[in-house]
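Written out below as structure tokens is the structure these notes cover.
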Amino acid sequence: MRTSPRRRAREFVLQGLYQRQLSGNSAAAIRAQIAEASGFPKADGAYFDELWSGTAVEFDALVALCAPHLDRKATELSPVERAILALGAWELKHRLEIPYRVVINEAVELAKSYGGTDGHKYVNGVLDRAAVDLRPLEVTAKR
């Protein structure tokens, strides 16, 4: 299956957020390293830059948006799940032209590829509830 440039951008952002949580390196250093990765030219570079800068700056606030919907402390989540939730929360909050169901589906697909065995179910549930907070009119209209 061919990966779309936008999904590839999300994958690189996920990898960068994961790396940042584990290494503590600066967002600029990680961004530069990712730009050198094989496959990066196939990603949507403009979307990567927007998503990376937004999630890197707002990471803690984005995780906090999801916190009311977690069944444990955010610090107890795997770094992959935390990164995917931050990425999804950023898209729900800032990219209103992307339907909330698409945002959630993209996050679920990332969790299936990179997360734990049932991590995608957890990500789906948390972002579905967060969407009610972040996009109440859209969610109500779809339900």
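The chains in the structure tokens are called A, B, ... from first to last as shown; in each chain the residues are counted from 1, and the ligands are counted from 1 in the order shown.
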
Selection near range 28-38 of chain A, 7 Å with only C-alpha atoms, sequence-local residues under 2 positions removed, as a PyMOL selection string:
chain A and resi 12+16+25-26+40

inquiry  = For Asp128 in chain A, find every residue with an atom within 12 Å (counting only C-alpha atoms), except residues of its own chain fewer than 2 positions away, and show them as a ChimeraX atom specification.
reply    = /A:66,69-70,85,88-89,92,100-105,107-108,120-126,130-136,138-140,143

message = I want to know what sits within 12 Å of Val80 in chain A, based on only C-alpha atoms, with residues of the same chain fewer than 6 positions away left out; could you give that as a list in words?
response =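 Residues meeting the cut-off are Glu11, Val13, Leu14, Gln15, Gly16, Leu17, Tyr18, Gln19, Arg20, Gln21, Leu22, Ala74, Ala86, Leu87, Ala107, Val108, Leu110, Ala111, Lys112, Ser113, Tyr114, Gly115, Gly116, Gly119, His120, Tyr122 and Val123 of chain A.
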
Taking only C-alpha atoms into account, name the residue in A:Leu127, A:Ala27, A:Ala141, A:Ala43 that is nearest to Thr55 in chain A.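 Among A:Leu127, A:Ala27, A:Ala141, A:Ala43, it is A:Ala27 that comes nearest to Thr55 in chain A.
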
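Compared by their closest atoms to Glu109 in chain A, and using only C-alpha atoms, the residues A:Arg2, A:Pro41, A:Arg10, A:Ser53 rank with A:Arg10 nearest.
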
TODO: Could you check how far CA of Ser78 in chain A sits from CA of Lys42 in chain A, in Å to one decimal?
DONE: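 Between CA of Ser78 in chain A and CA of Lys42 in chain A the gap is 27.7 Å.
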
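Nearest to Trp52 in chain A of all the residues A:Leu96, A:Arg129, A:Trp90, A:Arg72 is A:Trp90, counting only C-alpha atoms.
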
DSSP says helix (DSSP H, G or I) for which residues of chain A? Put them as a PyMOL selection string?
chain A and resi 5-23+27-35+40-42+45-69+74-76+79-94+100-114+119-134+136-142

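The gap separating CA of Gly45 in chain A from CA of Ala9 in chain A is 6.9 Å, in Å to one decimal.
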
Atomic distance CA of Leu65 in chain A - CA of Lys93 in chain A, expressed in Å with one decimal:
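Computing the Euclidean distance for CA of Leu65 in chain A and CA of Lys93 in chain A yields 9.7 Å.
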